[in-house]
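Structure file run-v2.cif (mmCIF, C-alpha atoms and all ligand atoms) is printed below.
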```
data_upload
#
loop_
_atom_site.label_atom_id
_atom_site.label_comp_id
_atom_site.auth_asym_id
_atom_site.auth_seq_id
_atom_site.Cartn_x
_atom_site.Cartn_y
_atom_site.Cartn_z
CA MET A 1302 157.00 108.40 146.18
CA ALA A 1303 160.44 109.92 146.65
CA GLU A 1304 163.26 107.65 145.59
CA SER A 1305 165.63 106.55 148.31
CA ASN A 1306 169.11 107.98 148.19
CA GLN A 1307 170.33 105.39 150.66
CA PRO A 1308 173.45 103.57 149.40
CA VAL A 1309 172.63 100.19 147.83
CA VAL A 1310 175.70 98.74 149.55
CA ARG A 1311 177.82 100.04 152.42
CA LEU A 1312 181.11 98.46 153.48
CA THR A 1313 182.69 99.53 156.77
CA ASN A 1314 186.31 98.57 157.43
CA VAL A 1315 185.89 95.28 155.61
CA LYS A 1316 188.75 92.80 155.66
CA LYS A 1317 189.04 89.43 153.97
CA THR A 1318 191.82 86.99 154.69
CA TYR A 1319 192.14 83.71 152.83
CA LYS A 1320 193.90 80.76 154.40
CA LEU A 1321 196.29 79.12 152.00
CA GLY A 1322 197.83 76.08 153.65
CA SER A 1323 199.72 77.41 156.64
CA SER A 1324 199.94 80.98 155.29
CA GLN A 1325 197.32 83.72 154.99
CA VAL A 1326 196.52 86.07 152.11
CA GLN A 1327 195.08 89.45 153.07
CA ALA A 1328 193.06 90.08 149.93
CA VAL A 1329 191.05 93.01 151.36
CA ARG A 1330 192.73 94.95 154.17
CA GLY A 1331 190.15 97.41 155.48
CA ILE A 1332 187.86 99.00 152.91
CA SER A 1333 184.99 101.39 153.65
CA LEU A 1334 182.79 102.59 150.81
CA ALA A 1335 179.20 103.44 149.90
CA VAL A 1336 177.74 102.46 146.53
CA PRO A 1337 175.29 105.14 145.33
CA PRO A 1338 171.87 104.08 143.98
CA ARG A 1339 170.90 104.09 140.27
CA CYS A 1340 174.48 104.36 139.03
CA PHE A 1341 177.23 102.60 137.14
CA THR A 1342 179.82 102.03 139.87
CA MET A 1343 183.24 100.67 138.85
CA ILE A 1344 185.82 98.88 140.99
CA VAL A 1345 189.17 99.23 139.25
CA GLY A 1346 192.71 98.18 140.12
CA PRO A 1347 195.59 95.96 139.02
CA SER A 1348 195.39 92.17 138.83
CA GLY A 1349 195.41 90.67 142.32
CA SER A 1350 194.36 93.94 144.01
CA GLY A 1351 191.19 92.36 145.46
CA LYS A 1352 188.44 93.33 142.99
CA THR A 1353 186.82 89.91 142.67
CA THR A 1354 187.15 89.35 146.41
CA LEU A 1355 185.32 92.63 146.97
CA LEU A 1356 182.57 91.74 144.48
CA ASN A 1357 182.12 88.36 146.19
CA LEU A 1358 181.65 90.18 149.51
CA ILE A 1359 179.20 92.68 148.00
CA GLY A 1360 177.34 89.80 146.30
CA CYS A 1361 177.10 87.86 149.59
CA ILE A 1362 178.91 84.94 147.97
CA ASP A 1363 181.43 85.28 150.80
CA ARG A 1364 181.37 86.79 154.29
CA PRO A 1365 184.05 89.24 155.49
CA SER A 1366 186.69 88.16 158.01
CA SER A 1367 185.87 91.40 159.86
CA GLY A 1368 183.99 94.65 159.27
CA THR A 1369 180.38 95.07 158.14
CA VAL A 1370 178.61 94.62 154.81
CA GLU A 1371 175.19 96.25 154.58
CA ILE A 1372 172.83 95.60 151.67
CA ALA A 1373 170.05 98.20 151.45
CA GLY A 1374 170.68 99.08 155.09
CA GLN A 1375 170.70 95.48 156.36
CA ASP A 1376 173.81 94.12 158.06
CA ILE A 1377 174.36 90.69 156.50
CA ALA A 1378 176.12 89.41 159.64
CA ARG A 1379 172.64 89.22 161.20
CA LEU A 1380 171.46 86.78 158.53
CA GLY A 1381 171.93 83.01 158.75
CA ASP A 1382 173.23 81.09 155.76
CA ASN A 1383 169.74 80.31 154.39
CA ALA A 1384 168.57 83.90 154.67
CA LEU A 1385 171.79 85.06 153.03
CA SER A 1386 171.42 82.72 150.05
CA ASP A 1387 167.80 83.82 149.78
CA LEU A 1388 168.87 87.48 149.69
CA ARG A 1389 171.48 86.63 147.06
CA ALA A 1390 168.98 84.72 144.91
CA ARG A 1391 166.19 87.28 145.09
CA ARG A 1392 167.87 90.65 145.30
CA ILE A 1393 171.21 90.48 143.48
CA GLY A 1394 171.77 89.87 139.76
CA PHE A 1395 175.08 88.45 138.52
CA ILE A 1396 176.85 88.84 135.18
CA PHE A 1397 180.20 87.13 134.57
CA GLN A 1398 183.00 87.57 132.08
CA SER A 1399 182.46 84.04 130.71
CA PHE A 1400 178.63 84.40 130.53
CA SER A 1401 178.00 81.29 132.73
CA LEU A 1402 174.86 80.21 130.90
CA ILE A 1403 173.52 76.68 131.29
CA PRO A 1404 174.52 74.96 128.01
CA VAL A 1405 171.62 72.50 127.76
CA LEU A 1406 168.97 75.20 128.24
CA SER A 1407 167.64 77.55 125.54
CA ALA A 1408 167.98 81.34 125.85
CA TYR A 1409 164.37 81.41 127.11
CA GLU A 1410 165.02 78.72 129.73
CA ASN A 1411 168.24 80.39 130.91
CA VAL A 1412 166.35 83.65 131.53
CA GLU A 1413 163.46 81.77 133.16
CA TYR A 1414 165.75 79.81 135.49
CA PRO A 1415 166.06 82.36 138.37
CA LEU A 1416 162.25 82.63 138.51
CA LEU A 1417 161.65 78.90 138.98
CA SER A 1418 162.54 79.13 142.67
CA THR A 1419 160.09 82.00 143.28
CA ASP A 1420 156.31 81.83 143.74
CA ILE A 1421 155.48 83.83 140.59
CA SER A 1422 152.65 82.24 138.55
CA ALA A 1423 153.48 80.43 135.28
CA LYS A 1424 151.64 83.10 133.30
CA ASP A 1425 153.47 86.01 134.92
CA ARG A 1426 156.75 84.14 134.60
CA ARG A 1427 156.26 83.69 130.86
CA ARG A 1428 155.38 87.38 130.48
CA ALA A 1429 158.46 88.47 132.48
CA VAL A 1430 160.82 86.24 130.47
CA LEU A 1431 159.44 87.33 127.08
CA ASP A 1432 159.56 91.00 128.12
CA MET A 1433 163.21 90.66 129.17
CA LEU A 1434 164.17 88.80 125.97
CA ASP A 1435 162.47 91.55 124.02
CA ALA A 1436 164.26 94.27 126.01
CA VAL A 1437 167.67 92.75 125.17
CA GLY A 1438 166.70 92.20 121.51
CA LEU A 1439 166.65 88.39 121.55
CA LYS A 1440 163.00 87.43 121.19
CA ASP A 1441 163.67 85.68 117.88
CA GLN A 1442 166.61 83.71 119.30
CA ARG A 1443 164.73 82.49 122.37
CA SER A 1444 164.82 78.81 121.39
CA GLN A 1445 168.57 78.76 120.68
CA ARG A 1446 171.06 77.26 123.08
CA PRO A 1447 174.17 79.18 124.19
CA ASN A 1448 176.44 77.38 121.68
CA GLU A 1449 174.16 78.65 118.89
CA LEU A 1450 174.60 82.29 119.98
CA SER A 1451 177.43 84.81 119.45
CA GLY A 1452 179.44 86.15 122.41
CA GLY A 1453 177.45 89.38 122.42
CA GLN A 1454 174.14 87.47 122.26
CA LYS A 1455 175.25 85.23 125.14
CA GLN A 1456 176.02 88.30 127.24
CA ARG A 1457 172.56 89.69 126.34
CA VAL A 1458 171.01 86.49 127.68
CA ALA A 1459 173.12 86.85 130.84
CA ILE A 1460 171.92 90.46 131.25
CA ALA A 1461 168.29 89.37 130.82
CA ARG A 1462 168.81 86.55 133.33
CA ALA A 1463 170.38 88.95 135.86
CA LEU A 1464 167.52 91.45 135.56
CA VAL A 1465 164.44 89.22 135.25
CA LYS A 1466 163.98 88.98 139.02
CA GLN A 1467 164.15 92.78 139.35
CA PRO A 1468 167.18 92.77 141.65
CA GLU A 1469 168.25 95.53 144.02
CA PHE A 1470 171.51 95.74 142.04
CA VAL A 1471 173.53 93.85 139.45
CA LEU A 1472 177.14 92.75 139.95
CA ALA A 1473 179.23 92.31 136.83
CA ASP A 1474 182.79 90.96 136.99
CA GLU A 1475 184.61 92.05 133.80
CA PRO A 1476 181.47 91.75 131.65
CA THR A 1477 183.15 93.03 128.47
CA ALA A 1478 186.47 91.16 128.80
CA ASN A 1479 185.57 88.43 126.28
CA LEU A 1480 183.95 90.72 123.73
CA ASP A 1481 185.46 92.65 120.80
CA SER A 1482 185.24 96.43 121.23
CA GLY A 1483 182.20 96.90 118.95
CA THR A 1484 180.22 94.18 120.73
CA GLY A 1485 181.47 95.52 124.08
CA ALA A 1486 180.12 98.98 123.16
CA SER A 1487 176.67 97.58 122.36
CA ILE A 1488 176.62 95.57 125.61
CA ILE A 1489 177.57 98.70 127.61
CA GLU A 1490 174.78 100.61 125.84
CA LEU A 1491 172.31 97.82 126.67
CA MET A 1492 173.36 97.73 130.34
CA ARG A 1493 172.91 101.52 130.57
CA LYS A 1494 169.48 101.27 128.96
CA MET A 1495 168.53 98.58 131.47
CA GLN A 1496 169.98 100.56 134.40
CA VAL A 1497 167.80 103.53 133.49
CA GLU A 1498 164.64 101.62 132.48
CA LYS A 1499 164.66 99.24 135.45
CA ASN A 1500 165.85 102.00 137.78
CA THR A 1501 168.55 99.71 139.13
CA SER A 1502 172.28 99.91 139.92
CA PHE A 1503 175.24 98.16 138.33
CA ILE A 1504 178.51 97.46 140.13
CA PHE A 1505 181.40 96.42 137.88
CA SER A 1506 184.88 95.13 138.31
CA THR A 1507 186.76 96.02 135.16
CA HIS A 1508 189.99 96.82 133.32
CA ASP A 1509 188.15 97.94 130.18
CA PRO A 1510 188.81 101.66 129.45
CA GLN A 1511 185.70 101.74 127.28
CA LEU A 1512 183.52 100.58 130.18
CA ILE A 1513 185.36 102.79 132.70
CA SER A 1514 184.57 105.84 130.55
CA HIS A 1515 180.87 105.28 131.41
CA ALA A 1516 181.41 105.30 135.20
CA ASP A 1517 179.22 107.45 137.47
CA LYS A 1518 181.37 106.47 140.43
CA THR A 1519 184.80 104.82 140.53
CA PHE A 1520 186.60 103.10 143.40
CA ALA A 1521 190.28 102.42 142.75
CA ILE A 1522 191.86 99.69 144.85
CA ARG A 1523 195.43 98.52 145.24
CA ASP A 1524 196.80 95.76 147.45
CA GLY A 1525 193.43 95.35 149.15
CA LEU A 1526 193.03 99.04 150.06
CA LEU A 1527 190.94 101.85 148.62
CA VAL A 1528 193.39 104.37 147.12
CA ASP A 1529 191.05 106.74 145.28
CA GLN A 1530 187.43 107.43 144.53
CA SER A 1531 185.97 109.72 141.95
CA ALA A 1532 182.58 110.73 140.68
CA GLY A 1533 181.48 111.03 137.08
CA GLY A 1534 178.36 112.54 135.51
CA LYS A 1535 175.58 111.54 137.91
CA GLN A 1536 177.30 112.03 141.27
N1 LIG B 1601 190.12 81.57 147.27
C1 LIG B 1601 191.30 82.15 147.47
N2 LIG B 1601 192.23 81.58 148.28
C2 LIG B 1601 193.43 82.17 148.52
N3 LIG B 1601 193.80 83.34 147.99
C3 LIG B 1601 192.94 83.96 147.15
C4 LIG B 1601 191.66 83.39 146.85
N4 LIG B 1601 191.01 84.24 145.99
C5 LIG B 1601 191.86 85.27 145.77
N5 LIG B 1601 193.02 85.12 146.47
C6 LIG B 1601 194.15 86.07 146.52
O1 LIG B 1601 193.63 87.31 146.95
C7 LIG B 1601 194.21 88.39 146.22
C8 LIG B 1601 193.14 89.19 145.51
O2 LIG B 1601 192.55 88.38 144.50
P1 LIG B 1601 191.33 88.84 143.58
O3 LIG B 1601 190.89 87.66 142.79
O4 LIG B 1601 190.33 89.50 144.43
O5 LIG B 1601 192.04 89.93 142.62
P2 LIG B 1601 191.49 90.74 141.36
O6 LIG B 1601 191.72 92.18 141.64
O7 LIG B 1601 190.10 90.30 141.06
O8 LIG B 1601 192.47 90.27 140.19
P3 LIG B 1601 192.19 90.10 138.60
O9 LIG B 1601 192.19 91.48 138.02
O10 LIG B 1601 193.38 89.31 138.15
O11 LIG B 1601 190.89 89.37 138.43
C9 LIG B 1601 195.25 87.76 145.31
O12 LIG B 1601 196.50 87.82 145.96
C10 LIG B 1601 194.78 86.32 145.17
O13 LIG B 1601 195.85 85.47 144.92
MG MG B 1602 189.19 89.34 139.38
#
```
Structure translated into structure tokens:
Amino acid sequence: MAESNQPVVRLTNVKKTYKLGSSQVQAVRGISLAVPPRCFTMIVGPSGSGKTTLLNLIGCIDRPSSGTVEIAGQDIARLGDNALSDLRARRIGFIFQSFSLIPVLSAYENVEYPLLSTDISAKDRRRAVLDMLDAVGLKDQRSQRPNELSGGQKQRVAIARALVKQPEFVLADEPTANLDSGTGASIIELMRKMQVEKNTSFIFSTHDPQLISHADKTFAIRDGLLVDQSAGGKQ
């Protein structure tokens, strides 16, 4: 079967205004972009330029004030709140700068967590979790809790958790910000391995020059507007 070259995400003239007391903050002021499939796409820009706001819109955590957000060709404005949280839970993986693991759960249970709300059988769930832990090199640490893991190991658990449900794409907000450069390099290498093996797409917000050097596609934003886009190796 031919692989689709349809963008994984398309934004058309998207605006997001936050209300702050009696004033308004225009965090995103009209951005149109298409995220190519099977790539490392980076959203870069200075602090306060709207990167996290944009990721929250792409991740369906938030809805735009105006404009359209399409995920795999589907306009999310047509979805009710339940359908939208279902799409978010099933089709989008999330990785955060601060790992966001559940502290009382083991590495195994953290990776298993997103599958508990699906109808996968217990046997298949166990297989999927062990395969993911193996893929990120943490099979032997599967019983350890987050506070018994290093920063790099925690981020490996977060990567496994994001990918275990085989999402359409993975969103990662500054995933290397809390890691030293050596650990950051191994996490970037792991994410690339996963991107290729699972045939998925990663969308990053980042300031990290090391991560940016691996971009296939870069969108530069400033003051809520797209100011530049460039293509790397794959595009
Ligand atoms: N919930 C909110 N309510 C009001 N204003 C907000 C809210 N979230 C973000 N903003 C404002 O929107 C603008 C964009 O913020 P955003 O967090 O998207 O920036 P960023 O590019 O991710 O910055 P950083 O690099 O520091 O993470 C900023 O002016 C910020 O103060
Ligand atoms: Mg941010």
Discussion item. Please find the residues contacting ligand MG 1602 (chain B) at a distance of at most 10 Å between atoms, with all atoms listed in the file counted, and report them as JSON, numbers by chain.
Written reply: {"A": [1345, 1346, 1347, 1348, 1349, 1350, 1351, 1352, 1353, 1354, 1355, 1356, 1357, 1398, 1474, 1475, 1506, 1507, 1508]}
Worksheet item: How would you write as JSON, numbers by chain the residues that get within 12 Å of (171.6, 96.4, 150.9) in the file's frame, counting all atoms listed in the file?
Response: {"A": [1307, 1308, 1309, 1310, 1311, 1312, 1335, 1336, 1337, 1338, 1358, 1359, 1360, 1361, 1369, 1370, 1371, 1372, 1373, 1374, 1375, 1376, 1377, 1385, 1388, 1389, 1392, 1393, 1468, 1469, 1470, 1471, 1502]}
May I have the selected residues written with C-alpha atoms, as a PDB file, in the frame of the given file?
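Output file result.pdb is given in full below:
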```pdb
ATOM      1  CA  GLN A1307     170.330 105.390 150.660  1.00  0.00           C
ATOM      2  CA  PRO A1308     173.450 103.570 149.400  1.00  0.00           C
ATOM      3  CA  VAL A1309     172.630 100.190 147.830  1.00  0.00           C
ATOM      4  CA  VAL A1310     175.700  98.740 149.550  1.00  0.00           C
ATOM      5  CA  ARG A1311     177.820 100.040 152.420  1.00  0.00           C
ATOM      6  CA  LEU A1312     181.110  98.460 153.480  1.00  0.00           C
ATOM      7  CA  ALA A1335     179.200 103.440 149.900  1.00  0.00           C
ATOM      8  CA  VAL A1336     177.740 102.460 146.530  1.00  0.00           C
ATOM      9  CA  PRO A1337     175.290 105.140 145.330  1.00  0.00           C
ATOM     10  CA  PRO A1338     171.870 104.080 143.980  1.00  0.00           C
ATOM     11  CA  LEU A1358     181.650  90.180 149.510  1.00  0.00           C
ATOM     12  CA  ILE A1359     179.200  92.680 148.000  1.00  0.00           C
ATOM     13  CA  GLY A1360     177.340  89.800 146.300  1.00  0.00           C
ATOM     14  CA  CYS A1361     177.100  87.860 149.590  1.00  0.00           C
ATOM     15  CA  THR A1369     180.380  95.070 158.140  1.00  0.00           C
ATOM     16  CA  VAL A1370     178.610  94.620 154.810  1.00  0.00           C
ATOM     17  CA  GLU A1371     175.190  96.250 154.580  1.00  0.00           C
ATOM     18  CA  ILE A1372     172.830  95.600 151.670  1.00  0.00           C
ATOM     19  CA  ALA A1373     170.050  98.200 151.450  1.00  0.00           C
ATOM     20  CA  GLY A1374     170.680  99.080 155.090  1.00  0.00           C
ATOM     21  CA  GLN A1375     170.700  95.480 156.360  1.00  0.00           C
ATOM     22  CA  ASP A1376     173.810  94.120 158.060  1.00  0.00           C
ATOM     23  CA  ILE A1377     174.360  90.690 156.500  1.00  0.00           C
ATOM     24  CA  LEU A1385     171.790  85.060 153.030  1.00  0.00           C
ATOM     25  CA  LEU A1388     168.870  87.480 149.690  1.00  0.00           C
ATOM     26  CA  ARG A1389     171.480  86.630 147.060  1.00  0.00           C
ATOM     27  CA  ARG A1392     167.870  90.650 145.300  1.00  0.00           C
ATOM     28  CA  ILE A1393     171.210  90.480 143.480  1.00  0.00           C
ATOM     29  CA  PRO A1468     167.180  92.770 141.650  1.00  0.00           C
ATOM     30  CA  GLU A1469     168.250  95.530 144.020  1.00  0.00           C
ATOM     31  CA  PHE A1470     171.510  95.740 142.040  1.00  0.00           C
ATOM     32  CA  VAL A1471     173.530  93.850 139.450  1.00  0.00           C
ATOM     33  CA  SER A1502     172.280  99.910 139.920  1.00  0.00           C
TER      34      SER A1502
END
```
Item to complete: Check the smallest atom-to-atom distance from each of A:Ile1332, A:Ile1460, A:Leu1417, A:Met1343 to Gln1511 in chain A using only C-alpha atoms, then report the winner.
Response: A:Met1343
Worksheet item: So which one's closest to ligand LIG 1601 (chain B), A:Ala1423, A:Ala1521, A:Ala1384, A:Ala1532? Using only C-alpha atoms and all ligand atoms, please.
Response: A:Ala1521
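The space separating CA of Val1412 in chain A from CA of Ala1459 in chain A comes to 7.5 Å.
Here CA of Gly1483 in chain A is placed at a distance of 19.5 Å from CA of Ala1436 in chain A.
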If you count all atoms listed in the file, which residues fall within 10 Å of Leu1480 in chain A, apart from same-chain ones fewer than 4 positions away, as an mmCIF file with C-alpha atoms, in the frame of the given file?
```cif
data_model
loop_
_atom_site.group_PDB
_atom_site.id
_atom_site.type_symbol
_atom_site.label_atom_id
_atom_site.label_comp_id
_atom_site.auth_asym_id
_atom_site.auth_seq_id
_atom_site.Cartn_x
_atom_site.Cartn_y
_atom_site.Cartn_z
ATOM 1 C CA GLN A 1398 183.000 87.570 132.080
ATOM 2 C CA SER A 1399 182.460 84.040 130.710
ATOM 3 C CA SER A 1451 177.430 84.810 119.450
ATOM 4 C CA GLY A 1452 179.440 86.150 122.410
ATOM 5 C CA GLY A 1453 177.450 89.380 122.420
ATOM 6 C CA GLN A 1456 176.020 88.300 127.240
ATOM 7 C CA PRO A 1476 181.470 91.750 131.650
ATOM 8 C CA THR A 1484 180.220 94.180 120.730
ATOM 9 C CA GLY A 1485 181.470 95.520 124.080
ATOM 10 C CA ALA A 1486 180.120 98.980 123.160
ATOM 11 C CA ILE A 1488 176.620 95.570 125.610
#
```
Item to complete: Find the spatial neighbours of Lys1466 in chain A, counting all atoms listed in the file, within a cut-off of 7 Å - ignore same-chain residues fewer than 3 positions away - and output them as number ranges by chain.
Response: A: 1391, 1415-1416
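Compared by their closest atoms to Asn1500 in chain A, and using all atoms listed in the file, the residues A:Val1315, A:Leu1431, A:Cys1340, A:Leu1450 rank with A:Cys1340 nearest.
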